[in-house]
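Listing of run.pdb, PDB, C-alpha atoms, pLDDT in the B column
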MODEL        1
ATOM      1  CA  MET A 242     103.625  91.769 109.540  1.00 53.00           C
ATOM      2  CA  ASP A 243     102.173  95.217 109.474  1.00 74.00           C
ATOM      3  CA  TYR A 244     104.781  97.022 111.524  1.00 79.00           C
ATOM      4  CA  SER A 245     107.478  96.156 108.994  1.00 81.00           C
ATOM      5  CA  LYS A 246     105.739  98.530 106.580  1.00 83.00           C
ATOM      6  CA  ALA A 247     106.012 101.355 109.089  1.00 84.00           C
ATOM      7  CA  PHE A 248     109.657 100.436 109.544  1.00 88.00           C
ATOM      8  CA  ALA A 249     110.243 100.482 105.803  1.00 85.00           C
ATOM      9  CA  ILE A 250     108.659 103.919 105.481  1.00 84.00           C
ATOM     10  CA  SER A 251     110.857 105.310 108.245  1.00 88.00           C
ATOM     11  CA  ALA A 252     113.889 103.596 106.739  1.00 87.00           C
ATOM     12  CA  SER A 253     113.341 105.318 103.403  1.00 85.00           C
ATOM     13  CA  GLY A 254     113.260 108.666 105.193  1.00 87.00           C
ATOM     14  CA  MET A 255     116.445 107.792 107.052  1.00 90.00           C
ATOM     15  CA  THR A 256     118.155 106.839 103.796  1.00 89.00           C
ATOM     16  CA  LEU A 257     117.217 110.181 102.290  1.00 89.00           C
ATOM     17  CA  GLU A 258     118.519 112.154 105.253  1.00 92.00           C
ATOM     18  CA  ARG A 259     121.726 110.180 105.302  1.00 92.00           C
ATOM     19  CA  THR A 260     122.229 110.957 101.627  1.00 92.00           C
ATOM     20  CA  ARG A 261     121.723 114.646 102.387  1.00 93.00           C
ATOM     21  CA  VAL A 262     124.356 114.487 105.124  1.00 94.00           C
ATOM     22  CA  GLU A 263     126.777 112.691 102.819  1.00 93.00           C
ATOM     23  CA  VAL A 264     126.318 115.236 100.052  1.00 94.00           C
ATOM     24  CA  ALA A 265     126.697 118.159 102.457  1.00 95.00           C
ATOM     25  CA  SER A 266     129.882 116.596 103.838  1.00 94.00           C
ATOM     26  CA  LEU A 267     131.215 116.136 100.330  1.00 94.00           C
ATOM     27  CA  ASN A 268     130.494 119.776  99.545  1.00 93.00           C
ATOM     28  CA  LEU A 269     132.183 120.925 102.744  1.00 94.00           C
ATOM     29  CA  ALA A 270     135.193 118.722 102.091  1.00 94.00           C
ATOM     30  CA  ASN A 271     135.609 120.294  98.694  1.00 91.00           C
ATOM     31  CA  ALA A 272     134.873 123.835  99.818  1.00 90.00           C
ATOM     32  CA  ASN A 273     138.467 125.028  99.583  1.00 90.00           C
ATOM     33  CA  THR A 274     139.591 123.112  96.533  1.00 89.00           C
ATOM     34  CA  VAL A 275     140.769 124.637  93.313  1.00 89.00           C
ATOM     35  CA  ALA A 276     140.516 123.086  89.872  1.00 84.00           C
ATOM     36  CA  GLY A 277     142.155 119.690  89.427  1.00 76.00           C
ATOM     37  CA  SER A 278     144.732 118.716  86.842  1.00 77.00           C
ATOM     38  CA  ASP A 279     141.995 118.415  84.190  1.00 81.00           C
ATOM     39  CA  GLY A 280     141.040 122.028  84.784  1.00 78.00           C
ATOM     40  CA  LYS A 281     137.589 121.175  86.118  1.00 85.00           C
ATOM     41  CA  LEU A 282     136.410 122.815  89.298  1.00 87.00           C
ATOM     42  CA  TYR A 283     134.394 120.911  91.897  1.00 89.00           C
ATOM     43  CA  GLN A 284     130.708 121.493  91.294  1.00 89.00           C
ATOM     44  CA  PRO A 285     128.671 121.650  94.517  1.00 90.00           C
ATOM     45  CA  LEU A 286     126.004 118.945  94.710  1.00 91.00           C
ATOM     46  CA  ARG A 287     122.460 119.044  95.928  1.00 90.00           C
ATOM     47  CA  VAL A 288     120.014 116.278  96.844  1.00 90.00           C
ATOM     48  CA  VAL A 289     116.715 116.385  94.992  1.00 88.00           C
ATOM     49  CA  ALA A 290     114.160 114.041  96.517  1.00 85.00           C
ATOM     50  CA  ARG A 291     110.960 113.497  94.604  1.00 81.00           C
ATOM     51  CA  THR A 292     108.078 112.279  96.660  1.00 77.00           C
ATOM     52  CA  ALA A 293     106.430 108.992  95.787  1.00 70.00           C
ATOM     53  CA  PHE A 294     102.671 108.829  95.522  1.00 59.00           C
ATOM     54  CA  GLY A 295     100.041 106.168  95.581  1.00 55.00           C
ATOM     55  CA  ASP A 296      99.849 102.721  97.089  1.00 58.00           C
ATOM     56  CA  ALA A 297     103.590 102.201  96.970  1.00 60.00           C
ATOM     57  CA  VAL A 298     104.124 104.485  99.960  1.00 58.00           C
ATOM     58  CA  THR A 299     101.423 102.913 102.092  1.00 59.00           C
ATOM     59  CA  GLN A 300     102.823  99.501 101.286  1.00 58.00           C
ATOM     60  CA  GLY A 301     106.255 100.667 102.326  1.00 55.00           C
ATOM     61  CA  LEU A 302     107.630  99.802  98.912  1.00 60.00           C
ATOM     62  CA  ALA A 303     108.742 103.200  97.697  1.00 62.00           C
ATOM     63  CA  GLY A 304     110.332 106.077  99.470  1.00 67.00           C
ATOM     64  CA  PRO A 305     111.178 109.374  97.904  1.00 74.00           C
ATOM     65  CA  ALA A 306     113.254 109.008  94.774  1.00 78.00           C
ATOM     66  CA  VAL A 307     116.629 110.490  95.631  1.00 81.00           C
ATOM     67  CA  MET A 308     118.740 112.157  92.989  1.00 86.00           C
ATOM     68  CA  VAL A 309     122.004 114.021  93.422  1.00 88.00           C
ATOM     69  CA  GLU A 310     122.351 116.890  91.007  1.00 88.00           C
ATOM     70  CA  PRO A 311     125.027 119.536  90.603  1.00 88.00           C
ATOM     71  CA  THR A 312     124.080 123.059  91.507  1.00 88.00           C
ATOM     72  CA  LEU A 313     125.059 125.663  88.980  1.00 85.00           C
ATOM     73  CA  GLN A 314     126.860 127.732  91.551  1.00 85.00           C
ATOM     74  CA  SER A 315     129.500 130.019  90.081  1.00 88.00           C
ATOM     75  CA  PRO A 316     133.008 129.569  91.497  1.00 89.00           C
ATOM     76  CA  ARG A 317     134.235 131.676  94.378  1.00 89.00           C
ATOM     77  CA  MET A 318     136.950 134.064  93.133  1.00 91.00           C
ATOM     78  CA  VAL A 319     139.619 134.897  95.695  1.00 91.00           C
ATOM     79  CA  TYR A 320     142.409 137.359  95.078  1.00 92.00           C
ATOM     80  CA  GLU A 321     145.676 135.468  95.682  1.00 90.00           C
ATOM     81  CA  PRO A 322     148.336 136.793  93.303  1.00 89.00           C
ATOM     82  CA  GLY A 323     151.084 134.376  94.354  1.00 88.00           C
ATOM     83  CA  HIS A 324     148.918 131.270  93.944  1.00 87.00           C
ATOM     84  CA  PRO A 325     150.031 128.817  91.240  1.00 86.00           C
ATOM     85  CA  MET A 326     146.440 128.538  89.975  1.00 83.00           C
ATOM     86  CA  ALA A 327     145.874 132.297  89.851  1.00 85.00           C
ATOM     87  CA  ASN A 328     144.658 133.740  86.569  1.00 86.00           C
ATOM     88  CA  ALA A 329     146.096 136.757  84.793  1.00 88.00           C
ATOM     89  CA  ARG A 330     144.407 139.183  87.173  1.00 90.00           C
ATOM     90  CA  GLY A 331     145.554 137.270  90.266  1.00 89.00           C
ATOM     91  CA  PHE A 332     142.260 135.599  91.114  1.00 91.00           C
ATOM     92  CA  VAL A 333     141.966 131.946  92.111  1.00 90.00           C
ATOM     93  CA  ALA A 334     138.702 130.071  91.446  1.00 90.00           C
ATOM     94  CA  TYR A 335     137.569 128.007  94.414  1.00 91.00           C
ATOM     95  CA  ALA A 336     134.566 125.670  94.430  1.00 90.00           C
ATOM     96  CA  GLY A 337     131.374 127.650  94.953  1.00 89.00           C
ATOM     97  CA  VAL A 338     130.378 125.974  98.205  1.00 91.00           C
ATOM     98  CA  ASP A 339     128.451 128.029 100.741  1.00 91.00           C
ATOM     99  CA  SER A 340     129.569 126.557 104.036  1.00 91.00           C
ATOM    100  CA  ALA A 341     126.758 128.203 106.007  1.00 94.00           C
ATOM    101  CA  THR A 342     124.161 126.580 103.755  1.00 92.00           C
ATOM    102  CA  GLU A 343     125.876 123.222 104.088  1.00 93.00           C
ATOM    103  CA  MET A 344     125.950 123.499 107.885  1.00 95.00           C
ATOM    104  CA  VAL A 345     122.249 124.320 107.960  1.00 96.00           C
ATOM    105  CA  THR A 346     121.610 121.332 105.681  1.00 94.00           C
ATOM    106  CA  LEU A 347     123.577 119.131 108.086  1.00 96.00           C
ATOM    107  CA  MET A 348     121.566 120.329 111.061  1.00 96.00           C
ATOM    108  CA  GLY A 349     118.242 119.961 109.298  1.00 96.00           C
ATOM    109  CA  ALA A 350     119.111 116.494 108.033  1.00 95.00           C
ATOM    110  CA  MET A 351     120.103 115.376 111.510  1.00 96.00           C
ATOM    111  CA  ARG A 352     116.858 116.634 112.993  1.00 96.00           C
ATOM    112  CA  ALA A 353     114.839 114.967 110.247  1.00 95.00           C
ATOM    113  CA  TYR A 354     116.744 111.731 110.814  1.00 95.00           C
ATOM    114  CA  GLU A 355     115.897 111.957 114.493  1.00 96.00           C
ATOM    115  CA  ALA A 356     112.257 112.486 113.605  1.00 96.00           C
ATOM    116  CA  ASN A 357     112.317 109.345 111.464  1.00 93.00           C
ATOM    117  CA  VAL A 358     113.906 107.380 114.286  1.00 94.00           C
ATOM    118  CA  ALA A 359     111.260 108.704 116.675  1.00 96.00           C
ATOM    119  CA  ALA A 360     108.496 107.634 114.293  1.00 93.00           C
ATOM    120  CA  MET A 361     110.035 104.189 113.956  1.00 92.00           C
ATOM    121  CA  ASN A 362     110.407 103.848 117.711  1.00 93.00           C
ATOM    122  CA  THR A 363     106.793 104.820 118.183  1.00 93.00           C
ATOM    123  CA  SER A 364     105.541 102.096 115.855  1.00 92.00           C
ATOM    124  CA  ARG A 365     107.919  99.626 117.507  1.00 92.00           C
ATOM    125  CA  ASN A 366     106.645 100.583 120.962  1.00 93.00           C
ATOM    126  CA  MET A 367     103.096 100.189 119.737  1.00 92.00           C
ATOM    127  CA  ALA A 368     103.854  96.694 118.469  1.00 90.00           C
ATOM    128  CA  LEU A 369     105.510  95.799 121.774  1.00 90.00           C
ATOM    129  CA  LYS A 370     102.551  97.211 123.686  1.00 91.00           C
ATOM    130  CA  ALA A 371     100.196  95.150 121.552  1.00 90.00           C
ATOM    131  CA  LEU A 372     102.118  92.047 122.617  1.00 87.00           C
ATOM    132  CA  GLU A 373     101.358  92.956 126.222  1.00 88.00           C
ATOM    133  CA  ILE A 374      97.629  92.541 125.674  1.00 88.00           C
ATOM    134  CA  GLY A 375      96.390  89.966 128.119  1.00 81.00           C
ATOM    135  CA  ALA A 376      99.788  89.505 129.755  1.00 76.00           C
ATOM    136  CA  ASN A 377      99.740  88.544 133.462  1.00 69.00           C
ATOM    137  CA  ALA A 378      96.041  89.163 133.646  1.00 58.00           C
TER
ATOM    138  CA  MET B 175      87.376 113.173  94.676  1.00 43.00           C
ATOM    139  CA  SER B 176      84.196 114.716  93.382  1.00 50.00           C
ATOM    140  CA  THR B 177      80.669 113.406  93.660  1.00 51.00           C
ATOM    141  CA  GLU B 178      80.720 112.450  89.958  1.00 56.00           C
ATOM    142  CA  ALA B 179      83.659 110.196  90.581  1.00 49.00           C
ATOM    143  CA  ILE B 180      81.870 108.557  93.467  1.00 49.00           C
ATOM    144  CA  ALA B 181      78.722 108.173  91.395  1.00 52.00           C
ATOM    145  CA  ALA B 182      80.756 106.604  88.624  1.00 51.00           C
ATOM    146  CA  VAL B 183      82.327 104.115  90.999  1.00 46.00           C
ATOM    147  CA  ALA B 184      79.198 103.404  93.035  1.00 48.00           C
ATOM    148  CA  PRO B 185      77.334 100.971  90.698  1.00 47.00           C
ATOM    149  CA  ALA B 186      80.402  98.792  90.268  1.00 47.00           C
ATOM    150  CA  ALA B 187      81.016  98.830  93.996  1.00 44.00           C
ATOM    151  CA  LEU B 188      77.413  97.898  94.678  1.00 43.00           C
ATOM    152  CA  GLN B 189      77.655  95.039  92.213  1.00 47.00           C
ATOM    153  CA  ASN B 190      80.809  93.904  93.892  1.00 46.00           C
ATOM    154  CA  LEU B 191      79.059  94.079  97.216  1.00 44.00           C
ATOM    155  CA  SER B 192      76.085  92.061  96.068  1.00 44.00           C
ATOM    156  CA  ALA B 193      78.023  89.469  94.102  1.00 44.00           C
ATOM    157  CA  PRO B 194      80.266  87.916  96.766  1.00 45.00           C
ATOM    158  CA  LEU B 195      77.511  87.720  99.351  1.00 43.00           C
ATOM    159  CA  PRO B 196      76.175  84.262  98.371  1.00 43.00           C
ATOM    160  CA  VAL B 197      79.666  82.811  98.540  1.00 41.00           C
ATOM    161  CA  PRO B 198      80.152  83.101 102.318  1.00 42.00           C
ATOM    162  CA  LEU B 199      76.676  81.696 102.847  1.00 40.00           C
ATOM    163  CA  GLU B 200      77.547  78.671 100.745  1.00 41.00           C
ATOM    164  CA  LEU B 201      80.765  78.318 102.626  1.00 40.00           C
ATOM    165  CA  GLY B 202      78.928  78.426 105.920  1.00 40.00           C
ATOM    166  CA  ALA B 203      76.456  75.793 104.737  1.00 41.00           C
ATOM    167  CA  SER B 204      79.060  73.408 103.375  1.00 41.00           C
ATOM    168  CA  ALA B 205      81.581  73.902 106.138  1.00 40.00           C
ATOM    169  CA  GLY B 206      80.471  70.787 107.959  1.00 42.00           C
ATOM    170  CA  ALA B 207      80.191  68.606 104.884  1.00 42.00           C
ATOM    171  CA  ALA B 208      83.387  69.207 102.932  1.00 44.00           C
ATOM    172  CA  SER B 209      86.188  70.675 104.976  1.00 48.00           C
ATOM    173  CA  SER B 210      88.758  72.580 102.963  1.00 52.00           C
ATOM    174  CA  PRO B 211      92.347  71.318 103.114  1.00 64.00           C
ATOM    175  CA  SER B 212      93.118  72.980 106.434  1.00 72.00           C
ATOM    176  CA  THR B 213      96.563  73.234 107.872  1.00 76.00           C
ATOM    177  CA  GLY B 214      96.822  71.872 111.370  1.00 86.00           C
ATOM    178  CA  PHE B 215      97.769  74.012 114.286  1.00 83.00           C
ATOM    179  CA  SER B 216     101.112  72.270 114.671  1.00 86.00           C
ATOM    180  CA  ASP B 217     101.936  73.100 111.055  1.00 90.00           C
ATOM    181  CA  LEU B 218     101.121  76.707 111.809  1.00 87.00           C
ATOM    182  CA  VAL B 219     103.398  76.709 114.836  1.00 87.00           C
ATOM    183  CA  THR B 220     106.192  75.037 112.901  1.00 90.00           C
ATOM    184  CA  GLN B 221     105.866  77.603 110.132  1.00 90.00           C
ATOM    185  CA  GLY B 222     105.961  80.484 112.585  1.00 89.00           C
ATOM    186  CA  LEU B 223     108.982  79.025 114.353  1.00 91.00           C
ATOM    187  CA  GLN B 224     110.779  78.634 111.057  1.00 92.00           C
ATOM    188  CA  GLN B 225     110.059  82.242 110.140  1.00 91.00           C
ATOM    189  CA  VAL B 226     111.344  83.487 113.477  1.00 91.00           C
ATOM    190  CA  ASN B 227     114.408  81.312 113.116  1.00 93.00           C
ATOM    191  CA  GLN B 228     115.051  82.661 109.627  1.00 92.00           C
ATOM    192  CA  GLN B 229     114.837  86.213 110.903  1.00 90.00           C
ATOM    193  CA  LEU B 230     117.172  85.474 113.791  1.00 92.00           C
ATOM    194  CA  LEU B 231     119.672  83.873 111.431  1.00 93.00           C
ATOM    195  CA  GLY B 232     119.410  86.890 109.146  1.00 91.00           C
ATOM    196  CA  SER B 233     120.093  89.296 111.977  1.00 91.00           C
ATOM    197  CA  GLN B 234     123.053  87.154 113.003  1.00 92.00           C
ATOM    198  CA  THR B 235     124.471  87.543 109.503  1.00 91.00           C
ATOM    199  CA  ASP B 236     123.821  91.289 109.696  1.00 90.00           C
ATOM    200  CA  LEU B 237     125.665  91.500 113.003  1.00 90.00           C
ATOM    201  CA  GLN B 238     128.620  89.614 111.530  1.00 91.00           C
ATOM    202  CA  GLN B 239     128.716  92.070 108.640  1.00 89.00           C
ATOM    203  CA  LEU B 240     128.584  94.939 111.116  1.00 89.00           C
ATOM    204  CA  ALA B 241     131.439  93.495 113.161  1.00 90.00           C
ATOM    205  CA  VAL B 242     133.569  93.050 110.062  1.00 91.00           C
ATOM    206  CA  GLY B 243     132.859  96.665 109.129  1.00 87.00           C
ATOM    207  CA  ASN B 244     131.181  95.756 105.862  1.00 85.00           C
ATOM    208  CA  VAL B 245     128.066  97.833 106.420  1.00 81.00           C
ATOM    209  CA  GLN B 246     126.180  99.897 103.871  1.00 79.00           C
ATOM    210  CA  ASN B 247     123.704 101.629 106.131  1.00 81.00           C
ATOM    211  CA  LEU B 248     123.415 101.197 109.826  1.00 87.00           C
ATOM    212  CA  HIS B 249     119.734 101.894 110.212  1.00 89.00           C
ATOM    213  CA  GLN B 250     118.756  98.972 107.963  1.00 88.00           C
ATOM    214  CA  ILE B 251     120.606  96.606 110.260  1.00 90.00           C
ATOM    215  CA  MET B 252     119.076  98.142 113.362  1.00 90.00           C
ATOM    216  CA  ILE B 253     115.597  97.948 111.853  1.00 90.00           C
ATOM    217  CA  ARG B 254     116.084  94.316 110.881  1.00 89.00           C
ATOM    218  CA  LEU B 255     117.303  93.581 114.408  1.00 91.00           C
ATOM    219  CA  GLU B 256     114.179  95.221 115.783  1.00 90.00           C
ATOM    220  CA  GLU B 257     111.993  93.221 113.418  1.00 90.00           C
ATOM    221  CA  SER B 258     113.533  89.928 114.460  1.00 91.00           C
ATOM    222  CA  LYS B 259     113.246  90.954 118.108  1.00 91.00           C
ATOM    223  CA  LEU B 260     109.577  91.769 117.653  1.00 90.00           C
ATOM    224  CA  SER B 261     108.807  88.486 115.922  1.00 90.00           C
ATOM    225  CA  PHE B 262     110.677  86.630 118.655  1.00 92.00           C
ATOM    226  CA  GLN B 263     108.596  88.430 121.269  1.00 91.00           C
ATOM    227  CA  LEU B 264     105.440  87.509 119.378  1.00 89.00           C
ATOM    228  CA  MET B 265     106.561  83.880 119.331  1.00 90.00           C
ATOM    229  CA  MET B 266     107.218  83.999 123.065  1.00 91.00           C
ATOM    230  CA  GLN B 267     103.772  85.450 123.744  1.00 90.00           C
ATOM    231  CA  VAL B 268     102.108  82.731 121.665  1.00 89.00           C
ATOM    232  CA  ARG B 269     104.086  80.126 123.585  1.00 90.00           C
ATOM    233  CA  ASN B 270     103.048  81.677 126.901  1.00 91.00           C
ATOM    234  CA  ARG B 271      99.383  81.568 125.952  1.00 90.00           C
ATOM    235  CA  LEU B 272      99.706  77.976 124.769  1.00 90.00           C
ATOM    236  CA  LEU B 273     101.376  76.850 127.982  1.00 92.00           C
ATOM    237  CA  GLU B 274      98.811  78.688 130.045  1.00 91.00           C
ATOM    238  CA  SER B 275      95.895  76.949 128.371  1.00 92.00           C
ATOM    239  CA  TYR B 276      97.677  73.601 128.492  1.00 93.00           C
ATOM    240  CA  GLN B 277      98.234  73.954 132.221  1.00 94.00           C
ATOM    241  CA  ASP B 278      94.619  75.002 132.680  1.00 93.00           C
ATOM    242  CA  VAL B 279      93.541  71.807 130.974  1.00 94.00           C
ATOM    243  CA  MET B 280      95.990  69.691 132.997  1.00 94.00           C
ATOM    244  CA  LYS B 281      94.740  71.157 136.245  1.00 93.00           C
ATOM    245  CA  MET B 282      91.188  70.235 135.385  1.00 91.00           C
ATOM    246  CA  GLN B 283      89.501  68.064 138.041  1.00 88.00           C
ATOM    247  CA  LEU B 284      88.009  64.873 136.725  1.00 80.00           C
TER
ENDMDL
END

Just dump the structure as structure tokens.
Amino acid sequence: MDYSKAFAISASGMTLERTRVEVASLNLANANTVAGSDGKLYQPLRVVARTAFGDAVTQGLAGPAVMVEPTLQSPRMVYEPGHPMANARGFVAYAGVDSATEMVTLMGAMRAYEANVAAMNTSRNMALKALEIGANA
Amino acid sequence: MSTEAIAAVAPAALQNLSAPLPVPLELGASAGAASSPSTGFSDLVTQGLQQVNQQLLGSQTDLQQLAVGNVQNLHQIMIRLEESKLSFQLMMQVRNRLLESYQDVMKMQL
């Protein structure tokens, strides 16, 4: 069935966008965290999607290769002298998450997901229309 | 792709073009004499029905997983549902055409 390839291509795009939303949500959830008991601060993550080339894409076999990598964002230093995690100068290190960037990522991922759904619906409608050929003639 | 690349490919492609040509001619000549092991139309229909049934069963399993809440990604399930729906529609259209032609034959005046 040919339309299943189109579906698979759209599905790979949807998977990528969903991963982006998940990573952005994880970053936002950890935006106001300080270092854990092991002293390690939350490192903001970023989705790196490498495009796939060649016949694999046209056959619907390979979507973009999705990797989640930590960004090397420096921690956000906030002056809170009474905080139990404050350093000698009274600064607390929070995870270096830029909430505006994460919100924009969320919006963009949702729009791209919608675009993938629209593409899938178009190929589905085309297949359904093709089944109407010769109907009640 | 440059013209050199095309020129490099062209002789092989031409050979490929010229080589398989006698084969269809032979097939056309010997089609009446020795028929290849052909699958009957009923086999074809049975196969198609089985495929559609498999897909419907698969989507039923997917829906059960969804109802239980054991779902990895929603869009895969939706896409599989759409696929099984499309193949079911295709099966229905084939059945409609078959019935139509059967009724045409039955209505034939003798």

* Between CA of Arg261 in chain A and CA of Glu257 in chain B, distance in Å (one decimal) ->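 Between CA of Arg261 in chain A and CA of Glu257 in chain B the gap is 26.0 Å.
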
Which residues match the ChimeraX specification (/A :<9) & /B in the file above, as a tab-separated table (two decimals) with C-alpha atoms, keeping the file's coordinate frame?
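File part_2.tsv, as written:
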chain	number	residue	atom	x	y	z
B	247	ASN	CA	123.70	101.63	106.13
B	249	HIS	CA	119.73	101.89	110.21
B	250	GLN	CA	118.76	98.97	107.96
B	253	ILE	CA	115.60	97.95	111.85
B	254	ARG	CA	116.08	94.32	110.88
B	256	GLU	CA	114.18	95.22	115.78
B	257	GLU	CA	111.99	93.22	113.42
B	260	LEU	CA	109.58	91.77	117.65
B	261	SER	CA	108.81	88.49	115.92
B	263	GLN	CA	108.60	88.43	121.27
B	264	LEU	CA	105.44	87.51	119.38
B	267	GLN	CA	103.77	85.45	123.74
B	270	ASN	CA	103.05	81.68	126.90
B	271	ARG	CA	99.38	81.57	125.95

* Let me know the residues the PyMOL selection byres ((chain B and resi 226-230) around 10) catches in the file above, as a ChimeraX atom specification. => /B:220-225,231-236,254-255,257-265

* Asked: CA of Tyr283 in chain A to CA of Pro311 in chain A: how many Å, to one decimal?
  -> 9.6 Å

* d(CA of Met252 in chain B, CA of Val307 in chain A) in Å ->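 For CA of Met252 in chain B relative to CA of Val307 in chain A, the distance reads 21.7 Å.
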
* To do: Might you pull out every residue within 9 Å of Asp339 in chain A, with only C-alpha atoms counted and same-chain residues fewer than 4 positions away left off, and present them as a PyMOL selection string?
  => chain A and resi 268-269+272+285+343-344

Specify the axis-aligned box that encloses all atoms of range 220-232 of chain B listed in the file after padding of 5 Å on each side, stating its centre and edge lengths in Å to one decimal as lines of an AutoDock Vina configuration file.
center_x = 112.8
center_y = 81.0
center_z = 111.7
size_x = 23.8
size_y = 21.9
size_z = 15.2

* If we count only C-alpha atoms, what is near Arg330 in chain A at a cut-off of 12 Å, once residues fewer than 4 positions away on the same chain are taken out, given as a PyMOL selection string? -> chain A and resi 318-324+326+334

* Report the residues retrieved by the PyMOL selection byres ((chain A and resi 273) around 7) from the displayed file, expressed as a PyMOL selection string. => chain A and resi 271-272+274-275+335-336
